[in-house]
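**Q** Got a structure here, written out as structure tokens. Questions coming.
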Amino acid sequence: MKSALQMIIKYTLSGISLGCTFFVLMCLFYSNLGEEYIFMEICEDFTKQAIGAILVGIACGGTAVIYQFDQPSNLIKTILHFCIGMGVFYPVALYLSWIPYHSDQIILTILQFLLSCFIFIAIWSGFYFFNRYEAKKINHRLKELE
């Protein structure tokens, strides 16, 4: 069994990897699909943009380590994971202008937040139901072997 510190380090590094990978993919997307002005804005402030991607990666991917522990309940773990992830993402995204924040676009920002909530719930539900199905299959197979 891995120690808690080893798991935290593993998940933190995985989160950094996730954030950096997504950052590079977005840069490739913007530079190759005619959105070069966005890519150039990223390049002008590359250090802050990269650090932002790393922070968001740690907050979203790194905090998934919480699922490796028995306590608290899965619902509380999910709420914590989501709140930490979004609690880091939105301030970073607003600060680095990933999400435009102008008084005339506040509705759009709120809709983007709600969409991210829906996407989070959909992804989490997909993993939950897949793992629940797999557990039932394994339990069924174990009963057959008895």
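Going through the structure tokens in order, the chains are called A, B, and so on, while each chain numbers its residues from 1 and the ligands are numbered from 1 in the order shown.
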Within 9 Å of Ile8 of chain A, counting only C-alpha atoms, which residues show up once you throw out same-chain ones fewer than 3 positions away? Write them as a compact mmCIF listing (two decimals) with C-alpha atoms, in the first residue's frame, please.

**A**
```
# COMPACT_ATOMS: atom_id res chain seq x y z
CA SER A 3 1.74 6.00 1.73
CA ALA A 4 -0.55 9.01 1.71
CA LEU A 5 2.37 11.28 0.81
CA TYR A 11 -1.78 12.90 -8.07
CA THR A 12 -0.16 16.35 -7.91
CA LEU A 13 2.29 15.40 -10.67
CA GLY A 62 -4.31 16.62 -8.12
CA THR A 63 -7.24 16.85 -5.76
CA VAL A 65 -6.43 11.92 -4.57
CA ILE A 66 -9.32 12.43 -2.16
```

**Q** Residues near Tyr90 of chain A, anyone? I mean within 12 Å using only C-alpha atoms, not counting same-chain ones fewer than 5 positions away, as a ChimeraX atom specification.

**A** /A:52-53,55-56,59-60,82-85,95-101,109-110,112-114,116-117

**Q** Measuring atom to atom with only C-alpha atoms, identify which of A:Ile121, A:Leu145, A:Met26, A:Met86 is nearest to Ile58 of chain A.

**A** A:Met86

**Q** Using only C-alpha atoms, which residue out of A:Gly61, A:Phe89, A:Cys43, A:Asn32 lies closest to Ser17 of chain A?

**A** A:Gly61

**Q** Which of these, A:Gly57, A:Tyr37, A:Glu44, A:Tyr30, has the shortest distance to Gly15 of chain A once you count only C-alpha atoms?

**A**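 Checking each candidate against Gly15 of chain A, we get A:Gly57 as the closest.
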
**Q** Ranking A:Phe23, A:Ala122, A:Glu134, A:Ala64 by minimum distance to Phe46 of chain A and counting only C-alpha atoms, which one comes first?

**A**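 Using only C-alpha atoms, the shortest distance to Phe46 of chain A belongs to A:Phe23.
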
**Q** So how many Å separate atom CA of Val88 of chain A and atom CA of Leu28 of chain A, to one decimal?

**A** 23.8 Å

**Q** What does the distance from atom CA of Phe39 of chain A to atom CA of Cys27 of chain A come to in Å, to one decimal?

**A**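 Between atom CA of Phe39 of chain A and atom CA of Cys27 of chain A the gap works out to 5.9 Å.
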
**Q** Taking the DSSP secondary structure from the backbone, can you list the residues of segment 66-136 of chain A that are alpha helix (DSSP H), as a PyMOL selection string?

**A** chain A and resi 74-95+106-136

**Q** Looking at only C-alpha atoms, which of A:Phe120, A:Gln68, A:Glu36, A:Ala135 is the one that sits closest to Gln6 of chain A?

**A**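 Checking each candidate against Gln6 of chain A, we get A:Gln68 as the closest.
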
**Q** If I take atom CA of Asn131 of chain A and atom CA of Gly87 of chain A, how far is one from the other in Å, to one decimal?

**A**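 Those two atoms sit 27.0 Å apart.
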